[in-house]
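Reproduced below: coords39.pdb, with PDB, C-alpha atoms, pLDDT in the B column.
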ATOM      1  CA  ALA K 125       0.000   0.000   0.000  1.00 59.00           C
ATOM      2  CA  PRO K 126       1.189   3.551  -0.549  1.00 67.00           C
ATOM      3  CA  PRO K 127       2.774   5.196   2.529  1.00 66.00           C
ATOM      4  CA  ASP K 128      -0.149   7.625   2.960  1.00 74.00           C
ATOM      5  CA  ALA K 129      -2.955   5.032   2.609  1.00 74.00           C
ATOM      6  CA  GLN K 130      -5.770   5.351   5.173  1.00 78.00           C
ATOM      7  CA  THR K 131      -7.707   2.209   4.197  1.00 83.00           C
ATOM      8  CA  TYR K 132      -6.763  -1.173   2.807  1.00 79.00           C
ATOM      9  CA  GLY K 133      -8.951  -3.440   0.720  1.00 84.00           C
ATOM     10  CA  ILE K 134      -8.659  -7.210   0.796  1.00 85.00           C
ATOM     11  CA  GLU K 135     -10.709  -9.726  -1.176  1.00 88.00           C
ATOM     12  CA  ALA K 136     -11.466 -13.092   0.403  1.00 87.00           C
ATOM     13  CA  ASP K 137     -11.844 -16.115  -1.856  1.00 87.00           C
ATOM     14  CA  GLU K 138     -14.447 -17.771   0.382  1.00 91.00           C
ATOM     15  CA  GLU K 139     -16.505 -17.410   3.541  1.00 91.00           C
ATOM     16  CA  GLY K 140     -14.743 -17.907   6.840  1.00 90.00           C
ATOM     17  CA  MET K 141     -12.881 -16.177   9.660  1.00 89.00           C
ATOM     18  CA  TYR K 142      -9.700 -14.325   8.787  1.00 91.00           C
ATOM     19  CA  GLY K 143      -7.130 -12.740  11.117  1.00 91.00           C
ATOM     20  CA  PHE K 144      -5.161  -9.625  10.168  1.00 90.00           C
ATOM     21  CA  THR K 145      -2.126  -7.862  11.611  1.00 90.00           C
ATOM     22  CA  LEU K 146      -0.556  -4.720  10.171  1.00 87.00           C
ATOM     23  CA  VAL K 147       3.193  -4.277  10.508  1.00 87.00           C
ATOM     24  CA  ALA K 148       4.596  -0.799   9.870  1.00 84.00           C
ATOM     25  CA  ARG K 149       8.056  -0.212   8.429  1.00 84.00           C
ATOM     26  CA  SER K 150      10.036   2.979   8.395  1.00 86.00           C
ATOM     27  CA  GLY K 151      11.667   4.325   5.230  1.00 83.00           C
ATOM     28  CA  THR K 152      14.820   2.423   6.184  1.00 89.00           C
ATOM     29  CA  GLY K 153      12.941  -0.834   6.783  1.00 83.00           C
ATOM     30  CA  LEU K 154      12.877  -0.699  10.579  1.00 88.00           C
ATOM     31  CA  GLY K 155       9.771  -2.013  12.319  1.00 86.00           C
ATOM     32  CA  LYS K 156       8.279  -4.737  14.408  1.00 88.00           C
ATOM     33  CA  GLU K 157       8.881  -8.338  13.372  1.00 88.00           C
ATOM     34  CA  PRO K 158       6.108  -9.944  11.320  1.00 88.00           C
ATOM     35  CA  PRO K 159       3.787 -12.234  13.279  1.00 91.00           C
ATOM     36  CA  ALA K 160       5.027 -15.740  13.918  1.00 91.00           C
ATOM     37  CA  SER K 161       2.948 -18.890  13.669  1.00 91.00           C
ATOM     38  CA  GLY K 162       0.587 -19.019  16.665  1.00 91.00           C
ATOM     39  CA  ASP K 163       0.566 -15.223  17.289  1.00 92.00           C
ATOM     40  CA  GLN K 164      -2.909 -13.741  17.665  1.00 94.00           C
ATOM     41  CA  PRO K 165      -3.902 -11.270  14.942  1.00 94.00           C
ATOM     42  CA  GLN K 166      -4.777  -7.655  15.741  1.00 93.00           C
ATOM     43  CA  VAL K 167      -8.282  -8.116  14.340  1.00 92.00           C
ATOM     44  CA  TRP K 168     -10.537 -10.995  13.279  1.00 90.00           C
ATOM     45  CA  VAL K 169     -12.902 -10.563  10.324  1.00 89.00           C
ATOM     46  CA  ILE K 170     -15.760 -12.929   9.480  1.00 87.00           C
ATOM     47  CA  VAL K 171     -16.694 -13.110   5.802  1.00 91.00           C
ATOM     48  CA  ASP K 172     -20.339 -14.185   5.568  1.00 92.00           C
ATOM     49  CA  LEU K 173     -22.303 -14.131   2.303  1.00 92.00           C
ATOM     50  CA  THR K 174     -25.031 -16.627   3.237  1.00 93.00           C
ATOM     51  CA  ALA K 175     -28.510 -15.438   4.234  1.00 95.00           C
ATOM     52  CA  PRO K 176     -30.150 -16.971   7.316  1.00 97.00           C
ATOM     53  CA  GLU K 177     -32.646 -19.790   6.835  1.00 97.00           C
ATOM     54  CA  VAL K 178     -36.137 -18.825   7.988  1.00 98.00           C
ATOM     55  CA  GLN K 179     -39.284 -20.932   8.318  1.00 97.00           C
ATOM     56  CA  LEU K 180     -42.818 -19.988   9.268  1.00 97.00           C
ATOM     57  CA  SER K 181     -44.208 -22.982  11.126  1.00 94.00           C
ATOM     58  CA  GLU K 182     -47.618 -21.549  12.000  1.00 93.00           C
ATOM     59  CA  VAL K 183     -49.818 -18.664  10.873  1.00 95.00           C
ATOM     60  CA  VAL K 184     -53.300 -19.062  12.377  1.00 93.00           C
ATOM     61  CA  PRO K 185     -56.036 -16.416  12.656  1.00 92.00           C
ATOM     62  CA  VAL K 186     -58.009 -16.515  15.910  1.00 90.00           C
ATOM     63  CA  SER K 187     -61.144 -14.525  16.787  1.00 84.00           C
ATOM     64  CA  THR K 188     -62.105 -13.938  20.409  1.00 80.00           C
ATOM     65  CA  GLY K 189     -65.153 -11.759  20.848  1.00 75.00           C
ATOM     66  CA  LYS K 190     -64.622  -8.632  18.796  1.00 78.00           C
ATOM     67  CA  THR K 191     -60.830  -9.036  18.763  1.00 84.00           C
ATOM     68  CA  GLN K 192     -58.924 -10.615  15.860  1.00 90.00           C
ATOM     69  CA  HIS K 193     -55.475 -12.127  16.470  1.00 93.00           C
ATOM     70  CA  VAL K 194     -52.996 -14.008  14.316  1.00 95.00           C
ATOM     71  CA  VAL K 195     -50.692 -16.520  16.015  1.00 96.00           C
ATOM     72  CA  ILE K 196     -47.333 -16.599  14.210  1.00 97.00           C
ATOM     73  CA  LYS K 197     -44.523 -19.092  14.924  1.00 97.00           C
ATOM     74  CA  TRP K 198     -41.105 -19.117  13.229  1.00 98.00           C
ATOM     75  CA  GLN K 199     -37.563 -20.478  13.341  1.00 98.00           C
ATOM     76  CA  ALA K 200     -34.430 -18.768  11.963  1.00 97.00           C
ATOM     77  CA  SER K 201     -30.915 -20.198  11.860  1.00 96.00           C
ATOM     78  CA  ASP K 202     -27.498 -18.939  10.764  1.00 95.00           C
ATOM     79  CA  LYS K 203     -23.926 -19.166  12.064  1.00 92.00           C
ATOM     80  CA  ASN K 204     -23.815 -15.403  12.614  1.00 92.00           C
ATOM     81  CA  LEU K 205     -27.242 -14.411  13.888  1.00 93.00           C
ATOM     82  CA  GLY K 206     -27.231 -11.492  16.270  1.00 90.00           C
ATOM     83  CA  ARG K 207     -29.514 -11.053  19.252  1.00 93.00           C
ATOM     84  CA  GLN K 208     -33.181 -10.758  18.359  1.00 96.00           C
ATOM     85  CA  PRO K 209     -32.729 -10.777  14.565  1.00 97.00           C
ATOM     86  CA  VAL K 210     -36.337 -11.426  13.478  1.00 98.00           C
ATOM     87  CA  THR K 211     -38.911  -8.980  12.104  1.00 98.00           C
ATOM     88  CA  LEU K 212     -42.547  -9.924  11.375  1.00 98.00           C
ATOM     89  CA  SER K 213     -44.490  -8.018   8.707  1.00 98.00           C
ATOM     90  CA  TYR K 214     -47.754  -8.139   6.765  1.00 97.00           C
ATOM     91  CA  ALA K 215     -48.845  -7.023   3.307  1.00 96.00           C
ATOM     92  CA  GLU K 216     -52.029  -7.132   1.287  1.00 93.00           C
ATOM     93  CA  LYS K 217     -50.111  -8.557  -1.697  1.00 92.00           C
ATOM     94  CA  ALA K 218     -47.231 -11.030  -1.865  1.00 90.00           C
ATOM     95  CA  ASP K 219     -44.945  -8.386  -3.359  1.00 90.00           C
ATOM     96  CA  GLY K 220     -45.749  -5.770  -0.689  1.00 89.00           C
ATOM     97  CA  PRO K 221     -45.562  -3.086   0.438  1.00 95.00           C
ATOM     98  CA  TRP K 222     -44.788  -4.659   3.821  1.00 97.00           C
ATOM     99  CA  LYS K 223     -45.708  -3.145   7.189  1.00 97.00           C
ATOM    100  CA  VAL K 224     -43.943  -4.170  10.394  1.00 97.00           C
ATOM    101  CA  ILE K 225     -45.922  -6.139  12.969  1.00 97.00           C
ATOM    102  CA  ALA K 226     -43.038  -6.579  15.436  1.00 97.00           C
ATOM    103  CA  ALA K 227     -39.237  -6.304  15.319  1.00 97.00           C
ATOM    104  CA  ASN K 228     -36.220  -7.381  17.378  1.00 97.00           C
ATOM    105  CA  LEU K 229     -37.636 -10.833  18.117  1.00 98.00           C
ATOM    106  CA  ASP K 230     -35.710 -13.978  19.056  1.00 97.00           C
ATOM    107  CA  ALA K 231     -34.490 -16.378  16.354  1.00 96.00           C
ATOM    108  CA  ALA K 232     -37.212 -18.863  17.281  1.00 96.00           C
ATOM    109  CA  GLY K 233     -40.514 -18.166  18.896  1.00 96.00           C
ATOM    110  CA  GLY K 234     -44.115 -17.188  18.652  1.00 97.00           C
ATOM    111  CA  TYR K 235     -46.048 -13.961  18.551  1.00 97.00           C
ATOM    112  CA  LYS K 236     -49.749 -13.227  19.035  1.00 96.00           C
ATOM    113  CA  TRP K 237     -50.520 -10.243  16.795  1.00 96.00           C
ATOM    114  CA  GLN K 238     -53.627  -8.264  17.723  1.00 94.00           C
ATOM    115  CA  VAL K 239     -54.825  -7.084  14.327  1.00 93.00           C
ATOM    116  CA  PRO K 240     -55.427  -3.303  14.392  1.00 91.00           C
ATOM    117  CA  ASP K 241     -58.310  -1.555  12.656  1.00 88.00           C
ATOM    118  CA  GLY K 242     -57.727  -0.760   9.013  1.00 89.00           C
ATOM    119  CA  VAL K 243     -55.836  -3.945   8.135  1.00 91.00           C
ATOM    120  CA  PRO K 244     -57.136  -5.493   4.886  1.00 91.00           C
ATOM    121  CA  PRO K 245     -59.319  -8.616   5.250  1.00 91.00           C
ATOM    122  CA  ARG K 246     -56.689 -10.817   3.543  1.00 93.00           C
ATOM    123  CA  VAL K 247     -52.952 -10.443   4.280  1.00 95.00           C
ATOM    124  CA  MET K 248     -49.681 -12.221   3.680  1.00 97.00           C
ATOM    125  CA  ILE K 249     -47.361 -12.734   6.682  1.00 97.00           C
ATOM    126  CA  ARG K 250     -43.555 -12.594   6.443  1.00 97.00           C
ATOM    127  CA  ALA K 251     -40.728 -13.405   8.871  1.00 98.00           C
ATOM    128  CA  GLU K 252     -37.285 -11.961   8.115  1.00 97.00           C
ATOM    129  CA  ALA K 253     -33.996 -12.603   9.902  1.00 98.00           C
ATOM    130  CA  ALA K 254     -30.829 -10.558   9.433  1.00 96.00           C
ATOM    131  CA  ASP K 255     -27.392 -11.850  10.380  1.00 95.00           C
ATOM    132  CA  MET K 256     -24.530  -9.691  11.676  1.00 92.00           C
ATOM    133  CA  ALA K 257     -23.132  -9.306   8.142  1.00 91.00           C
ATOM    134  CA  GLY K 258     -26.407  -7.800   6.918  1.00 92.00           C
ATOM    135  CA  ASN K 259     -27.601 -10.845   4.955  1.00 95.00           C
ATOM    136  CA  VAL K 260     -31.389 -11.227   5.143  1.00 96.00           C
ATOM    137  CA  GLY K 261     -33.362 -14.463   4.866  1.00 97.00           C
ATOM    138  CA  ARG K 262     -37.141 -14.572   4.739  1.00 96.00           C
ATOM    139  CA  ALA K 263     -40.161 -16.819   4.664  1.00 97.00           C
ATOM    140  CA  GLN K 264     -43.732 -15.813   4.011  1.00 95.00           C
ATOM    141  CA  SER K 265     -47.129 -17.428   4.121  1.00 94.00           C
ATOM    142  CA  SER K 266     -47.914 -19.404   0.974  1.00 91.00           C
ATOM    143  CA  LYS K 267     -51.479 -18.099   0.907  1.00 92.00           C
ATOM    144  CA  ALA K 268     -53.293 -15.094   2.308  1.00 92.00           C
ATOM    145  CA  VAL K 269     -54.530 -15.198   5.888  1.00 92.00           C
ATOM    146  CA  VAL K 270     -58.234 -14.358   6.057  1.00 91.00           C
ATOM    147  CA  LEU K 271     -59.030 -11.852   8.794  1.00 86.00           C
ATOM    148  CA  ASP K 272     -62.765 -11.823   9.331  1.00 72.00           C
ATOM    149  CA  SER K 273     -63.984 -10.828  12.770  1.00 57.00           C
ATOM    150  CA  ALA K 274     -67.455  -9.813  11.567  1.00 61.00           C
ATOM    151  CA  ARG K 275     -70.311 -12.001  12.767  1.00 64.00           C
ATOM    152  CA  PRO K 276     -72.851 -12.600  10.023  1.00 72.00           C
ATOM    153  CA  ILE K 277     -76.451 -11.596  10.688  1.00 81.00           C
ATOM    154  CA  VAL K 278     -79.460 -13.240   9.047  1.00 85.00           C
ATOM    155  CA  LYS K 279     -82.833 -11.607   8.824  1.00 86.00           C
ATOM    156  CA  ILE K 280     -86.049 -13.277   7.642  1.00 84.00           C
ATOM    157  CA  VAL K 281     -87.659 -10.953   5.127  1.00 85.00           C
ATOM    158  CA  ASN K 282     -90.613 -13.059   3.965  1.00 85.00           C
ATOM    159  CA  VAL K 283     -92.525 -16.247   4.742  1.00 85.00           C
ATOM    160  CA  GLU K 284     -94.683 -17.934   2.132  1.00 86.00           C
ATOM    161  CA  PRO K 285     -97.006 -20.886   2.652  1.00 85.00           C
ATOM    162  CA  THR K 286     -96.306 -24.051   0.739  1.00 81.00           C
ATOM    163  CA  VAL K 287     -99.030 -26.252  -0.741  1.00 79.00           C
ATOM    164  CA  ARG K 288     -98.880 -30.013  -0.215  1.00 73.00           C
TER     165      ARG K 288
END
Translate this file's structure into structure tokens.
Amino acid sequence: APPDAQTYGIEADEEGMYGFTLVARSGTGLGKEPPASGDQPQVWVIVDLTAPEVQLSEVVPVSTGKTQHVVIKWQASDKNLGRQPVTLSYAEKADGPWKVIAANLDAAGGYKWQVPDGVPPRVMIRAEAADMAGNVGRAQSSKAVVLDSARPIVKIVNVEPTVR
């Protein structure tokens, strides 16, 4: 690198953990000895290009009285998941736009979403997990979840005699 370089770029051939140590040299070649086998590097870097695997195991609408809920269960896995990497969202169409239900959830778990007013009667549900490298994996419901908390009412409007 040039003597006045402030950053250094390195390309890794594959995913993995790499250790780096910088050794400075003066114009006459004086400096610290290069690291020997077994020396710890100054910094470790993890190269991760793989998105987390995410599965929705349950998406079930539940009506209790006048309240509509959706029970959502998921599982996310990845070598480099951070703490609470999961976000749940809903959309009227499979291609969005998506609106957040809840964020910063554990990698595996369940959530009981109380459906607010104004949500369309049919929605798609999505679970997304982001790893520490910024890779995002997702899973979404294969079909729309029907949200129908209305109770049908029947009214008799006419009675006619039948002849036997």
Using all atoms listed in the file, find all polymer residues with an atom at most 7 Å away from the point (-47.8, -22.0, 12.4); report them as a PyMOL selection string.
chain K and resi 180-184+196-197
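By all atoms listed in the file, and with residues fewer than 5 positions from segment 205-212 of chain K along its chain excluded, the set lying at most 7 Å from it is K:Val224, K:Ile225, K:Ala226, K:Ala227, K:Asn228, K:Leu229, K:Asp230, K:Ala231, K:Arg250, K:Ala251, K:Glu252, K:Ala253, K:Ala254, K:Asp255, K:Met256.
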Go ahead and save the picked residues with C-alpha atoms, as an mmCIF file, keeping the file's coordinate frame.
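For reference, again-v2.cif as written:
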data_model
loop_
_atom_site.group_PDB
_atom_site.id
_atom_site.type_symbol
_atom_site.label_atom_id
_atom_site.label_comp_id
_atom_site.auth_asym_id
_atom_site.auth_seq_id
_atom_site.Cartn_x
_atom_site.Cartn_y
_atom_site.Cartn_z
ATOM 1 C CA VAL K 224 -43.943 -4.170 10.394
ATOM 2 C CA ILE K 225 -45.922 -6.139 12.969
ATOM 3 C CA ALA K 226 -43.038 -6.579 15.436
ATOM 4 C CA ALA K 227 -39.237 -6.304 15.319
ATOM 5 C CA ASN K 228 -36.220 -7.381 17.378
ATOM 6 C CA LEU K 229 -37.636 -10.833 18.117
ATOM 7 C CA ASP K 230 -35.710 -13.978 19.056
ATOM 8 C CA ALA K 231 -34.490 -16.378 16.354
ATOM 9 C CA ARG K 250 -43.555 -12.594 6.443
ATOM 10 C CA ALA K 251 -40.728 -13.405 8.871
ATOM 11 C CA GLU K 252 -37.285 -11.961 8.115
ATOM 12 C CA ALA K 253 -33.996 -12.603 9.902
ATOM 13 C CA ALA K 254 -30.829 -10.558 9.433
ATOM 14 C CA ASP K 255 -27.392 -11.850 10.380
ATOM 15 C CA MET K 256 -24.530 -9.691 11.676
#
Ala215 of chain K environment, 6 Å, only C-alpha atoms, sequence neighbours closer than 4 positions dropped, as a short mmCIF file (atom, residue, chain, number, x, y, z; two decimals) with C-alpha atoms, keeping the file's coordinate frame:
data_model
loop_
_atom_site.label_atom_id
_atom_site.label_comp_id
_atom_site.auth_asym_id
_atom_site.auth_seq_id
_atom_site.Cartn_x
_atom_site.Cartn_y
_atom_site.Cartn_z
CA GLY K 220 -45.75 -5.77 -0.69
CA PRO K 221 -45.56 -3.09 0.44
CA TRP K 222 -44.79 -4.66 3.82
CA VAL K 247 -52.95 -10.44 4.28
CA MET K 248 -49.68 -12.22 3.68
#
Do you know which residues are at most 12 Å from Pro158 of chain K counting all atoms listed in the file, after dropping those on the same chain fewer than 4 positions away, and could you put them as a ChimeraX atom specification?
/K:144-149,154,162-166
Quick one, how far is atom CA of Asp128 of chain K from atom CA of Trp168 of chain K?
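Interatomic distance, atom CA of Asp128 of chain K to atom CA of Trp168 of chain K: 23.7 Å.
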Ranking K:Pro276, K:Gly140, K:Gly234, K:Gly133 by minimum distance to Leu173 of chain K and counting only C-alpha atoms, which one comes first?
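Once distances to Leu173 of chain K are computed over only C-alpha atoms, the minimum belongs to K:Gly140.
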Here's the selection I'm unsure about, the PyMOL selection byres ((chain K and resi 263-272) around 9); applied to the file above, which residues does it give, as a PyMOL selection string?
chain K and resi 177-180+182-187+192-194+198+216-218+239+243-252+261-262+273-275
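In this structure, atom CA of Ala136 of chain K sits 15.1 Å away from atom CA of Val167 of chain K.
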So that I can check the surroundings of Val171 of chain K, please list as a PyMOL selection string every protein, DNA and RNA residue that reaches within 10 Å of it, counting all atoms listed in the file and ignoring chain neighbours fewer than 3 positions away.
chain K and resi 135-142+168+174+257
Have a look at atom CA of Gly258 of chain K and atom CA of Gln130 of chain K and let me know their distance in Å, one decimal.
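If I compute the distance from atom CA of Gly258 of chain K to atom CA of Gln130 of chain K, I get 24.5 Å.
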Step by step, gather every atom of segment 188-194 of chain K that the file lists, find the box along x, y and z that holds them, add 5 Å on each side, and finally give centre and edge lengths in Å to one decimal, as JSON.
{"center_x": -59.1, "center_y": -11.3, "center_z": 17.6, "size_x": 22.2, "size_y": 15.4, "size_z": 16.5}
Where atoms are missing, can you supply N, CA and C atoms for segment 182-196 of chain K and output the lot as a compact mmCIF listing (two decimals), in the frame of the given file?
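result.txt was written with the following content:
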# COMPACT_ATOMS: atom_id res chain seq x y z
N GLU K 182 -46.19 -21.69 11.71
CA GLU K 182 -47.62 -21.55 12.00
C GLU K 182 -48.06 -20.11 11.75
N VAL K 183 -49.16 -19.96 11.06
CA VAL K 183 -49.82 -18.66 10.87
C VAL K 183 -51.32 -18.95 10.96
N VAL K 184 -51.92 -18.67 12.13
CA VAL K 184 -53.30 -19.06 12.38
C VAL K 184 -54.10 -17.86 12.88
N PRO K 185 -55.16 -17.48 12.15
CA PRO K 185 -56.04 -16.42 12.66
C PRO K 185 -56.95 -16.95 13.75
N VAL K 186 -57.18 -16.13 14.78
CA VAL K 186 -58.01 -16.52 15.91
C VAL K 186 -58.90 -15.33 16.26
N SER K 187 -60.21 -15.57 16.37
CA SER K 187 -61.14 -14.52 16.79
C SER K 187 -61.64 -14.82 18.19
N THR K 188 -61.58 -13.82 19.06
CA THR K 188 -62.10 -13.94 20.41
C THR K 188 -62.96 -12.71 20.66
N GLY K 189 -64.25 -12.90 20.69
CA GLY K 189 -65.15 -11.76 20.85
C GLY K 189 -65.04 -10.85 19.64
N LYS K 190 -64.77 -9.59 19.89
CA LYS K 190 -64.62 -8.63 18.80
C LYS K 190 -63.16 -8.45 18.39
N THR K 191 -62.26 -9.20 19.01
CA THR K 191 -60.83 -9.04 18.76
C THR K 191 -60.32 -10.11 17.81
N GLN K 192 -59.54 -9.70 16.83
CA GLN K 192 -58.92 -10.62 15.86
C GLN K 192 -57.43 -10.68 16.15
N HIS K 193 -56.90 -11.89 16.26
CA HIS K 193 -55.48 -12.13 16.47
C HIS K 193 -54.96 -13.04 15.37
N VAL K 194 -53.66 -13.02 15.15
CA VAL K 194 -53.00 -14.01 14.32
C VAL K 194 -51.83 -14.56 15.13
N VAL K 195 -51.80 -15.86 15.32
CA VAL K 195 -50.69 -16.52 16.02
C VAL K 195 -49.65 -16.89 14.97
N ILE K 196 -48.42 -16.40 15.17
CA ILE K 196 -47.33 -16.60 14.21
C ILE K 196 -46.18 -17.28 14.94
